[in-house]
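Source file: structure13.tsv (TSV, C-alpha atoms)
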```tsv
chain	number	residue	atom	x	y	z
A	22	MET	CA	259.68	74.01	185.35
A	23	ARG	CA	258.12	77.37	184.75
A	24	GLU	CA	254.58	78.56	185.29
A	25	GLY	CA	252.76	79.67	182.17
A	26	HIS	CA	249.70	79.19	180.01
A	27	GLY	CA	248.89	76.20	177.85
A	28	PRO	CA	250.15	72.64	178.05
A	29	VAL	CA	253.56	71.92	179.48
A	30	LEU	CA	256.16	71.30	176.77
A	31	VAL	CA	257.95	68.09	177.74
A	32	ALA	CA	261.22	68.11	175.81
A	33	CYS	CA	262.03	64.41	175.58
A	34	ALA	CA	265.61	63.63	174.57
A	35	HIS	CA	267.49	60.35	174.26
A	36	GLY	CA	269.82	61.01	177.17
A	37	THR	CA	273.61	61.03	177.27
A	38	ARG	CA	276.49	60.67	179.71
A	39	ASN	CA	278.38	63.42	177.86
A	40	PRO	CA	278.27	66.58	180.02
A	41	THR	CA	278.40	68.91	177.01
A	42	GLY	CA	275.57	67.00	175.40
A	43	ARG	CA	273.48	67.30	178.56
A	44	ARG	CA	274.13	71.05	178.73
A	45	LEU	CA	273.23	71.66	175.10
A	46	VAL	CA	269.94	69.78	175.36
A	47	ALA	CA	269.07	71.73	178.52
A	48	GLU	CA	269.92	74.98	176.75
A	49	LEU	CA	267.59	74.02	173.89
A	50	ALA	CA	264.64	74.19	176.29
A	51	LEU	CA	265.89	77.57	177.55
A	52	ALA	CA	266.07	78.81	173.96
A	53	ALA	CA	262.47	77.72	173.42
A	54	ARG	CA	261.43	79.68	176.50
A	55	ALA	CA	263.24	82.75	175.20
A	56	LEU	CA	261.32	82.49	171.92
A	57	ARG	CA	258.02	81.89	173.75
A	58	PRO	CA	257.91	83.87	177.04
A	59	GLY	CA	255.67	82.22	179.60
A	60	LEU	CA	255.98	78.77	178.13
A	61	GLU	CA	256.33	76.07	180.76
A	62	THR	CA	258.87	73.39	179.91
A	63	THR	CA	260.36	70.36	181.56
A	64	ALA	CA	262.76	67.65	180.46
A	65	ALA	CA	262.38	63.89	180.10
A	66	PHE	CA	264.50	61.11	178.63
A	67	VAL	CA	264.03	57.73	176.99
A	68	ASP	CA	267.40	56.28	178.00
A	69	VAL	CA	270.61	56.76	180.01
A	70	GLN	CA	269.47	59.51	182.42
A	71	PRO	CA	266.39	60.28	184.54
A	72	PRO	CA	263.61	61.30	184.67
A	73	THR	CA	261.90	58.94	182.27
A	74	VAL	CA	259.24	60.28	179.95
A	75	ALA	CA	256.72	57.87	181.46
A	76	ASP	CA	257.35	59.24	184.96
A	77	VAL	CA	257.17	62.88	183.84
A	78	VAL	CA	253.91	62.39	181.93
A	79	ALA	CA	252.37	60.44	184.80
A	80	GLY	CA	253.34	63.17	187.26
A	81	LEU	CA	251.82	65.92	185.14
A	82	SER	CA	248.68	63.89	184.50
A	83	GLY	CA	248.33	63.23	188.22
A	84	ALA	CA	248.53	66.96	188.84
A	85	ASP	CA	245.80	67.58	186.23
A	86	ARG	CA	248.26	69.28	183.90
A	87	SER	CA	248.04	68.88	180.15
A	88	ALA	CA	251.28	68.16	178.33
A	89	VAL	CA	252.77	67.92	174.86
A	90	VAL	CA	255.74	65.59	174.63
A	91	VAL	CA	258.06	66.83	171.88
A	92	PRO	CA	260.73	64.29	170.91
A	93	VAL	CA	264.11	66.02	170.94
A	94	LEU	CA	265.06	63.43	168.34
A	95	LEU	CA	265.89	63.90	164.69
A	96	SER	CA	263.85	61.02	163.27
A	97	GLY	CA	260.86	58.91	164.18
A	98	GLY	CA	262.15	55.54	165.35
A	99	TYR	CA	261.47	53.20	168.27
A	100	HIS	CA	261.76	55.88	170.94
A	101	VAL	CA	259.12	58.04	169.23
A	102	HIS	CA	256.69	55.34	168.13
A	103	VAL	CA	257.00	53.08	171.18
A	104	ASP	CA	258.55	54.72	174.26
A	105	ILE	CA	256.92	58.15	173.90
A	106	ALA	CA	253.69	56.74	172.47
A	107	ARG	CA	253.34	54.43	175.47
A	108	ALA	CA	254.01	57.28	177.89
A	109	VAL	CA	251.11	59.38	176.59
A	110	ASP	CA	248.74	56.48	175.91
A	111	GLY	CA	246.00	56.62	178.50
A	112	ALA	CA	247.43	59.70	180.23
A	113	PRO	CA	244.64	62.31	180.32
A	114	GLY	CA	245.64	65.57	178.67
A	115	ALA	CA	248.92	64.24	177.23
A	116	VAL	CA	249.76	64.08	173.54
A	117	ALA	CA	252.92	63.42	171.58
A	118	ALA	CA	254.34	65.58	168.81
A	119	ARG	CA	256.38	64.27	165.91
A	120	ALA	CA	260.16	64.20	165.83
A	121	LEU	CA	262.16	67.31	164.94
A	122	GLY	CA	263.24	65.98	161.56
A	123	PRO	CA	262.99	66.08	158.70
A	124	ASP	CA	262.71	69.86	158.42
A	125	PRO	CA	264.25	72.34	155.96
A	126	ARG	CA	265.65	74.39	158.84
A	127	LEU	CA	267.65	71.42	160.08
A	128	ALA	CA	269.05	71.00	156.57
A	129	GLU	CA	270.05	74.68	156.70
A	130	VAL	CA	271.93	74.09	159.96
A	131	LEU	CA	273.66	71.07	158.41
A	132	HIS	CA	274.67	73.19	155.41
A	133	ASP	CA	276.14	75.83	157.72
A	134	ARG	CA	278.04	73.23	159.77
A	135	LEU	CA	279.54	71.84	156.55
A	136	GLU	CA	280.75	75.27	155.48
A	137	GLN	CA	282.17	75.84	158.96
A	138	ALA	CA	284.13	72.58	158.53
A	139	GLY	CA	285.67	73.98	155.34
A	140	ALA	CA	283.51	72.19	152.77
A	141	ASP	CA	282.55	73.98	149.55
A	142	PRO	CA	278.89	73.50	148.59
A	143	ARG	CA	279.68	74.47	144.96
A	144	ASP	CA	282.32	71.75	144.48
A	145	PRO	CA	280.83	68.72	142.71
A	146	LEU	CA	283.79	66.60	143.86
A	147	THR	CA	283.10	67.18	147.56
A	148	ALA	CA	280.78	64.41	148.73
A	149	VAL	CA	278.76	64.54	151.94
A	150	VAL	CA	277.84	61.57	154.10
A	151	LEU	CA	274.93	62.45	156.35
A	152	ALA	CA	275.71	60.47	159.51
A	153	ALA	CA	272.80	59.56	161.78
A	154	ALA	CA	272.75	57.46	164.94
A	155	GLY	CA	270.72	54.76	163.19
A	156	SER	CA	267.60	52.74	163.90
A	157	SER	CA	266.11	49.42	162.85
A	158	ASP	CA	262.79	51.23	162.29
A	159	PRO	CA	262.35	51.91	158.56
A	160	ARG	CA	260.42	55.10	159.37
A	161	SER	CA	263.53	56.52	161.01
A	162	VAL	CA	265.70	55.58	158.02
A	163	SER	CA	263.17	57.24	155.70
A	164	ASP	CA	263.32	60.44	157.77
A	165	VAL	CA	267.11	60.53	157.49
A	166	GLU	CA	266.96	59.94	153.74
A	167	ASP	CA	264.45	62.78	153.42
A	168	THR	CA	266.88	65.05	155.26
A	169	ALA	CA	269.65	64.03	152.86
A	170	ASP	CA	267.36	64.97	149.98
A	171	LEU	CA	266.77	68.41	151.53
A	172	LEU	CA	270.51	68.96	151.96
A	173	GLN	CA	271.19	67.82	148.38
A	174	ARG	CA	269.15	70.78	147.11
A	175	THR	CA	271.90	73.17	148.21
A	176	TRP	CA	274.92	70.92	147.61
A	177	ALA	CA	276.64	70.36	144.26
A	178	GLY	CA	278.35	67.10	145.21
A	179	PRO	CA	276.56	63.88	146.10
A	180	VAL	CA	274.85	63.55	149.50
A	181	THR	CA	274.44	60.01	150.84
A	182	THR	CA	273.58	58.54	154.23
A	183	GLY	CA	275.46	56.47	156.81
A	184	TYR	CA	274.56	55.19	160.26
A	185	GLY	CA	276.20	54.57	163.60
A	186	SER	CA	274.23	51.41	164.33
A	187	ALA	CA	271.24	49.26	163.32
A	188	ALA	CA	270.74	50.68	159.80
A	189	ARG	CA	272.99	50.33	156.77
A	190	PRO	CA	275.41	51.35	155.51
A	191	PRO	CA	277.69	52.09	158.46
A	192	VAL	CA	279.33	55.50	158.19
A	193	PRO	CA	282.82	54.15	157.29
A	194	GLU	CA	281.32	52.12	154.43
A	195	ALA	CA	279.41	55.15	153.18
A	196	VAL	CA	282.62	57.22	153.22
A	197	ALA	CA	284.51	54.51	151.30
A	198	ALA	CA	281.68	54.24	148.76
A	199	ALA	CA	281.76	58.00	148.17
A	200	ARG	CA	285.49	57.81	147.40
A	201	ARG	CA	284.98	54.89	145.03
A	202	ALA	CA	282.31	56.93	143.24
A	203	GLY	CA	284.91	59.60	142.45
A	204	ALA	CA	284.78	62.10	145.31
A	205	GLU	CA	288.05	63.93	145.88
A	206	ARG	CA	286.92	65.02	149.33
A	207	VAL	CA	284.42	63.39	151.68
A	208	VAL	CA	282.92	65.26	154.62
A	209	VAL	CA	280.76	63.67	157.28
A	210	ALA	CA	277.80	65.84	158.27
A	211	ALA	CA	276.94	64.83	161.82
A	212	TYR	CA	273.15	64.56	161.93
A	213	LEU	CA	273.25	64.60	165.70
A	214	LEU	CA	272.00	67.18	168.14
A	215	ALA	CA	274.93	67.16	170.55
A	216	PRO	CA	278.28	65.52	171.30
A	217	GLY	CA	278.22	62.02	172.67
A	218	HIS	CA	279.00	58.39	171.87
A	219	PHE	CA	278.04	58.49	168.19
A	220	HIS	CA	279.80	61.76	167.43
A	221	ASP	CA	282.97	60.46	169.07
A	222	LYS	CA	282.98	57.50	166.64
A	223	LEU	CA	282.76	59.67	163.51
A	224	GLY	CA	286.39	60.75	163.70
A	225	GLY	CA	287.43	57.21	162.80
A	226	ALA	CA	285.17	56.89	159.76
A	227	GLY	CA	287.88	57.86	157.27
A	228	ALA	CA	286.43	61.20	156.13
A	229	ASP	CA	288.46	64.33	155.43
A	230	ALA	CA	286.40	66.31	157.94
A	231	VAL	CA	283.56	65.85	160.40
A	232	THR	CA	281.10	68.61	161.25
A	233	ALA	CA	280.01	69.73	164.68
A	234	PRO	CA	276.54	68.62	165.87
A	235	LEU	CA	273.47	70.80	165.26
A	236	LEU	CA	273.26	72.41	168.70
A	237	PRO	CA	273.42	75.16	169.70
A	238	ASP	CA	271.24	76.89	167.11
A	239	GLN	CA	268.08	78.96	167.47
A	240	ARG	CA	266.56	77.28	164.41
A	241	VAL	CA	266.38	73.98	166.29
A	242	ALA	CA	264.45	75.71	169.08
A	243	ALA	CA	262.06	77.14	166.49
A	244	VAL	CA	261.41	73.64	165.12
A	245	LEU	CA	260.78	72.41	168.68
A	246	LEU	CA	258.11	75.08	169.16
A	247	ASP	CA	256.51	74.30	165.80
A	248	ARG	CA	256.17	70.64	166.78
A	249	TYR	CA	254.54	71.71	170.07
A	250	ASP	CA	252.09	74.03	168.29
A	251	ALA	CA	251.18	71.41	165.69
A	252	ALA	CA	250.42	68.83	168.37
A	253	ILE	CA	248.14	71.26	170.18
```

Would you encode the structure as C-alpha cells?
Amino acid sequence: MREGHGPVLVACAHGTRNPTGRRLVAELALAARALRPGLETTAAFVDVQPPTVADVVAGLSGADRSAVVVPVLLSGGYHVHVDIARAVDGAPGAVAARALGPDPRLAEVLHDRLEQAGADPRDPLTAVVLAAAGSSDPRSVSDVEDTADLLQRTWAGPVTTGYGSAARPPVPEAVAAARRAGAERVVVAAYLLAPGHFHDKLGGAGADAVTAPLLPDQRVAAVLLDRYDAAI
C-alpha cells in the first residue's frame, strides 16, 4: 500500500495460480499509480488467492479508511454483484465501482491484439469469436455482448461471442458456427485480462489463431482509474 489522498483504490481481481497472470494484475495497479501519483492502492481477490476482498475492506474500515473497490473484472457477474457487493455492504466508507467492461478502450485493445495475431480487420471473411470466461449471470453475458458490438464497429467480418464455462455457446461451438456461416478464417479474441486456466483452453477451440490477453496495456489502467473516479 501507498500513502496518499482520497479513498484507497482496492483493485479486486478474480485470482489465479498462473504466475504471469499474478504479475500482470499486480503491474496493473502499479500502472494506475504511475498515472495518478499519490494514489494509494491495494489488492484483493474473490477466489484462488488471498487476501479476500471482504478481509481487505474490513481491515480498511477498521482503520477508519475509506475505500473504493474496483473490480478488475471485464463484466458484471456473480463476483461483482454478490462477492464485492457483500464486502462493502455495511462497511463504513466503502463503496464498489462497476466492472471494467464494457468500454470502448477495451475494444480498442482487443482490436490491436487481433492485428498482432495477424488478423485483417478489413477482410469480411475473417470472423472473430470474442472469448470470455463465462458466467451464469445474464448481466455478465450482456456486458460481453456489448463488447462484441463495440469491436464489430471496427471489424469487417462477423464478431460473435463464446464462453469458457456457464454461458453458451462454448468457444469451440462458436468457432465451428463461424466456419459454417462462411468464414475462411476464424480468430479467437481472448477477452481475458491475463494468462491462466481459460486462456490455456482456447488453443484447443479449433480457431486459426488466438490473441494474447489484454494486459499489459496502459488503456486498461486508465479504465481502472475512471471506474474509481466514477464511484467517488

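Closest to Gly36 of chain A among A:Ile253, A:Ala215, A:Val116, A:Leu246 is A:Ala215, based on all atoms listed in the file.
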
Each residue of segment 194-216 of chain A with at least one atom at most 6 Å from segment 230-245 of chain A should appear once, together with its nearest atom pair and the corresponding distance in Å (one decimal); atoms considered: only C-alpha atoms; ordering: chain, then increasing residue number; output as a Markdown table.
```
| residue | atom | partner | partner_atom | distance |
| --- | --- | --- | --- | --- |
| A:Val208 | CA | A:Ala230 | CA | 4.9 |
| A:Val209 | CA | A:Val231 | CA | 4.7 |
| A:Ala210 | CA | A:Thr232 | CA | 5.2 |
| A:Ala211 | CA | A:Pro234 | CA | 5.6 |
| A:Leu213 | CA | A:Pro234 | CA | 5.2 |
| A:Leu214 | CA | A:Leu235 | CA | 4.9 |
| A:Ala215 | CA | A:Pro234 | CA | 5.2 |
```

Quick one: residues within 8 Å of segment 119-132 of chain A, all atoms listed in the file, excluding same-chain residues fewer than 2 positions away - as an mmCIF file with C-alpha atoms, in the frame of the given file?
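This went into around-v4.cif:
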```cif
data_model
loop_
_atom_site.group_PDB
_atom_site.id
_atom_site.type_symbol
_atom_site.label_atom_id
_atom_site.label_comp_id
_atom_site.auth_asym_id
_atom_site.auth_seq_id
_atom_site.Cartn_x
_atom_site.Cartn_y
_atom_site.Cartn_z
ATOM 1 C CA VAL A 91 258.060 66.830 171.880
ATOM 2 C CA PRO A 92 260.730 64.290 170.910
ATOM 3 C CA VAL A 93 264.110 66.020 170.940
ATOM 4 C CA LEU A 94 265.060 63.430 168.340
ATOM 5 C CA LEU A 95 265.890 63.900 164.690
ATOM 6 C CA SER A 96 263.850 61.020 163.270
ATOM 7 C CA GLY A 97 260.860 58.910 164.180
ATOM 8 C CA VAL A 101 259.120 58.040 169.230
ATOM 9 C CA ALA A 117 252.920 63.420 171.580
ATOM 10 C CA ARG A 134 278.040 73.230 159.770
ATOM 11 C CA LEU A 135 279.540 71.840 156.550
ATOM 12 C CA GLU A 136 280.750 75.270 155.480
ATOM 13 C CA ASP A 164 263.320 60.440 157.770
ATOM 14 C CA VAL A 165 267.110 60.530 157.490
ATOM 15 C CA ASP A 167 264.450 62.780 153.420
ATOM 16 C CA THR A 168 266.880 65.050 155.260
ATOM 17 C CA ALA A 169 269.650 64.030 152.860
ATOM 18 C CA LEU A 171 266.770 68.410 151.530
ATOM 19 C CA LEU A 172 270.510 68.960 151.960
ATOM 20 C CA THR A 175 271.900 73.170 148.210
ATOM 21 C CA ALA A 210 277.800 65.840 158.270
ATOM 22 C CA ALA A 211 276.940 64.830 161.820
ATOM 23 C CA TYR A 212 273.150 64.560 161.930
ATOM 24 C CA LEU A 235 273.470 70.800 165.260
ATOM 25 C CA ASP A 238 271.240 76.890 167.110
ATOM 26 C CA ARG A 240 266.560 77.280 164.410
ATOM 27 C CA VAL A 241 266.380 73.980 166.290
ATOM 28 C CA VAL A 244 261.410 73.640 165.120
ATOM 29 C CA LEU A 245 260.780 72.410 168.680
ATOM 30 C CA ARG A 248 256.170 70.640 166.780
ATOM 31 C CA ALA A 252 250.420 68.830 168.370
#
```

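You will find atom CA of Gly98 of chain A at 29.0 Å from atom CA of Ala55 of chain A.
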
Review point. Which of these, A:Val89, A:Gly225, A:Arg143, A:Ala112, has the shortest distance to Ala251 of chain A once you count all atoms listed in the file?
Key: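 Smallest distance to Ala251 of chain A is found for A:Val89.
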
Point to revise | Selected residue, from A:Ala32, A:Val207, A:His218, A:Gly59, that lies nearest to Ala118 of chain A when counting all atoms listed in the file | key: A:Ala32

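Between atom CA of Cys33 of chain A and atom CA of Val74 of chain A there is a distance of 6.6 Å.
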
Practice item. May I ask which of the residues A:Glu61, A:Asp68, A:Asp229, A:Asp133 is the closest one to Asp104 of chain A, counting all atoms listed in the file? Key: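 For Asp104 of chain A, the nearest of the candidates is A:Asp68.
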
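Nearest to Thr147 of chain A of all the residues A:Ala228, A:Ala108, A:Val162, A:Ala115 is A:Ala228, counting all atoms listed in the file.
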
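Remark: for Pro191 of chain A, the closest of the candidate residues A:Ala34, A:Leu223, A:Val67, A:Ala204 is A:Leu223 (distances computed over only C-alpha atoms).
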
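Between atom CA of Ala65 of chain A and atom CA of Val103 of chain A there is a distance of 15.0 Å.
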
Practice item. Mind checking which residues fall within 8 Å of Ala226 of chain A, counting only C-alpha atoms, ignoring those fewer than 5 positions away in the same chain, and posting them as an MDAnalysis selection string? Key: chainID A and resid 192:193 196

Practice item. Determine, counting all atoms listed in the file, which protein, DNA and RNA residues have an atom within 7 Å of an atom of segment 155-158 of chain A; residues of the same chain fewer than 6 positions away are not included. Present the result as a count of residues only. Key: 7

Practice item. Would you mind listing what lies within 9 Å of Ala199 of chain A as JSON, numbers by chain, with only C-alpha atoms counted and same-chain residues fewer than 2 positions away left out? Key: {"A": [148, 149, 150, 179, 180, 181, 194, 195, 196, 197, 201, 202, 203, 204, 205, 206, 207]}
